[in-house]
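First up is the structure itself, then whatever we jot down about it.
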Amino acid sequence: SPGRPGPPGPPAAADDGVQMSYFNLVKSLTSAFSNRYSMSRFHHTTSAACCCSRTRSGEKYIDPFKLGWRDLKDLYEDIRKELVISTTELKEMSEYYFDGKGKAFRPIIVVLMARACNIHHNNSRDVQADQRSIALIAEMIHTASLVHDDVIDDASSRRGKHTVNKIWGEKKAVLAGDLILSAASIALARIGNTTVISILTQVIEDLVRGEFLQLGSKENENERFAHYLEKTFKKTASLIANSCKAVSVLGCPDPAVHEIAYQYGKNVGIAFQLIDDVLDFTSCSDRMGKPTSADLKLGLATGPVLFACQQFPEMNAMIMRRFSLPGDVDRAQQYVLQSDGVQQTTYLAQRYCHEAVREISKLRPSPERDALIQLSEIVLTRDK
C-alpha cells in the first residue's frame with residue numbers, strides 16, 4: 001500500500017499469521033537475495049560516472065545526471081528567485097545551500113520521471129513548466145529539512161562547510177528553514193492543481209512525523225526494525241515518492257502510472273537512505289562532506305547497527321541508552337564492522353532498488369526510463 005515502508009516482495013509475516021519476527025523476515029529476504037549477487041559490487045568504490053551500463057532497451061546512455069540536467073539549467077538561480085527576501089542576512093542564510101554544490105539527486109529524479117511518464121502517455125518529449133517547478137519545490141523542501149535537521153542534531157558541517165546554525169545560530173537557522181519552506185509552498189500554490197498540492201503537503205507532514213520517530217526508540221527487536229524503516233520512509237523516501245507521483249499526475253491521467261511513479265520513488269528513496277546509513281560506517285568525513293559515525297553519536301540505531309545486534313546481543317543495552325555512556329560509540333562501531341551489518345543493509349538496499357527497477361520497467365521504453373533504471377544502480381554504488 002502507498003506509504004508502507006516495509007521490504008518489497010513477500011508480505012510482512014504478521015499478514016500471514018506466520019510466527020516470524022519482522023526483523024527475521026527482513027534478514028531472510030536479504031540473505032536469499034544476497035546469494036544471487038556478488039558482494040564485489042557493493043564496496044562503494046565505484047564512481048557514479050562509471051554506472052553507464054547497458055539498459056533494458058539494449059542501448060548505452062549517458063550518466064542520468066547529464067540527461068536530467070538539460071531540463072535543470074539555472075536550477076539554483078531559479079530557486080534563488082523564489083526566495084524574494086529584502087533582509088540581507090536572511091537572504092544570505094536562505095540561499096546558503098543553493099550554491100550548486102549539492103547532488104541535486106531529487107530534481108534529477110523528478111525531471112527524468114516527468115519525461116518518462118510524458119513519453120509513456122502520449123510520446124511527448126517535453127517537460128511541462130509545472131513539472132519542472134515540482135523539481136525546484138522538491139529541492140527547496142529537502143533543503144529546508146536539512147537546515148532544520150542540523151538544528152535538531154546540533155550539526156556543525158554539511159557539504160564540506162559550516163552549517164547555517166553554526167554560523168548564524170539556532171534561532172535564525174530555524175527561521176531560515178521556515179522561509180525556504182514558505183517559498184516552496186507559494187511556488188506549489190502557483191501550480192494550482194489541488195491533487196498535486198495535496199500530494200506534496202503530505203511530504204511536509206511525513207518529515208515532521210519522521211523526525212518524531214527518530215527521537216523515539218523501541219525496546220522490542222521486531223518493532224525496532226519496523227520503526228527504523230518507517231522513519232526512513234517518512235524522512236527520506238516520502239519526498240522522492242510523492243514528487244515523482246506529482247509529476248506523473250501532471251503528465252498522465254492514468255492512476256496506474258501514478259502508482260508506478262510513486263513506488264519507484266519510494267523504493268529508490270529507502271535504498272538511498274540505507275546506503276547513506278552504510279556510508280556512515282564505511283566512508284571518510286572528507287568524502288561525505290559531514291562527520292561519519294554521526295548517527296551513533298546522535299544515539300541513532302540504523303540498519304547496520306540493528307543487523308549487527310543479532311550477532312552481538314550486548315548492543316541491545318547500548319541501543320536503549322542511545323550510546324550515551326563513554327566508549328559506547330566506539331564499541332558499537334567496532335561491533336558493526338566485525339558483523340555482517342553493513343553487508344545485510346546493502347543487500348536490503350539492493351532489494352529495494354530491484355523493486356524500483358521492476359516498477360519503472362512497466363513504462364514504455366525511453367532514454368529517461370532507462371536513465372531511472374541506471375540511477376538505481378548509482379544509488380547502490382555511490383561513495384558519498
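Ordered as shown in the C-alpha cells, chains take letters A, B, and onward, while each chain numbers its residues from 1 and ligands are numbered from 1 in the order shown.
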Could you give me, as JSON, numbers by chain, each residue of stretch 243-304 of chain A that DSSP assigns to alpha helix (DSSP H) when run on this structure's backbone?
{"A": [243, 244, 245, 246, 247, 248, 249, 250, 251, 255, 256, 257, 258, 259, 260, 261, 262, 263, 264, 265, 266, 267, 268, 269, 270, 271, 272, 273, 274, 275, 276, 277, 278, 279, 280, 281, 282, 285, 286, 287, 288, 294, 295, 296, 297, 303, 304]}
Leaving out A:Ala116 and any residue of its chain fewer than 6 positions from it, which residues lie within 7 Å of it when counting only C-alpha atoms, given as a list of chain:residue names?
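The residues that qualify are A:Ser366, A:Glu368, A:Arg369.
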Check stretch 50-234 of chain A with DSSP on the backbone and list each residue it calls strand (DSSP E), as a list in words.
Ser157, Arg158, Lys161 and His162 of chain A
Counting only C-alpha atoms, the residue among A:Glu211, A:Glu359, A:Glu314, A:Asp276 that lies closest to A:Val257 is A:Glu359
Between A:Thr302, A:Ser156, A:Ser124, A:Ser339, which is the closest to A:Gln214 once you count only C-alpha atoms?
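Residue with the minimum atom-to-atom distance to A:Gln214: A:Thr302.
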Closest to A:Gly210 among A:Ala332, A:Ala237, A:Leu363, A:Ile191, using only C-alpha atoms?
A:Ala237
Contacts of A:Leu207 at 10 Å (only C-alpha atoms; same-chain gap of 6+ positions) as JSON, numbers by chain
{"A": [141, 142, 145, 213, 231, 232, 233, 234, 235, 236, 237, 238, 239]}
Go through A:Gly169, A:Pro326, A:Gly216, A:Pro367 one by one, measure the shortest atom-to-atom distance of each to A:Lys66 using only C-alpha atoms, and give the residue with the smallest value.
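For A:Lys66, the nearest of the candidates is A:Pro367.
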Give me, as a PyMOL selection string, all polymer residues having an atom no more than 10 Å from A:Arg70, counting only C-alpha atoms and skipping those fewer than 5 positions away in the same chain.
chain A and resi 65+108+111
Once you have the residues from the selection above, write them out as a CSV table (one decimal), in the first residue's frame, restricted to N, CA, C and O atoms.
chain,number,residue,atom,x,y,z
A,65,PHE,N,22.5,11.9,-14.6
A,65,PHE,CA,22.6,13.3,-14.2
A,65,PHE,C,22.8,14.2,-15.4
A,65,PHE,O,22.2,15.3,-15.4
A,108,ILE,N,16.8,15.7,-10.2
A,108,ILE,CA,17.2,14.9,-11.4
A,108,ILE,C,16.1,13.8,-11.5
A,108,ILE,O,15.6,13.5,-12.6
A,111,VAL,N,12.7,15.3,-12.9
A,111,VAL,CA,12.6,15.6,-14.3
A,111,VAL,C,12.7,14.4,-15.2
A,111,VAL,O,12.0,14.3,-16.3
What does the distance between atom CA of A:Asp153 and atom CA of A:Thr381 come to in Å, to one decimal place?
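Atom CA of A:Asp153 sits 27.0 Å away from atom CA of A:Thr381.
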Between atom CA of A:Asp149 and atom CA of A:Gly177, what distance in Å does the model show, to one decimal?
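These atoms are spaced 9.6 Å apart.
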Name all residues at most 6 Å from A:Val196 (count only C-alpha atoms; drop same-chain ones fewer than 3 positions away) and give them as a ChimeraX atom specification.
/A:193,199,246
Excluding stretch 88-95 of chain A and residues on its chain fewer than 5 positions from it, collect all residues at most 12 Å away from it, counting only C-alpha atoms, and give them as a PyMOL selection string.
chain A and resi 76-83+100+140+143-144+146-148+162-183
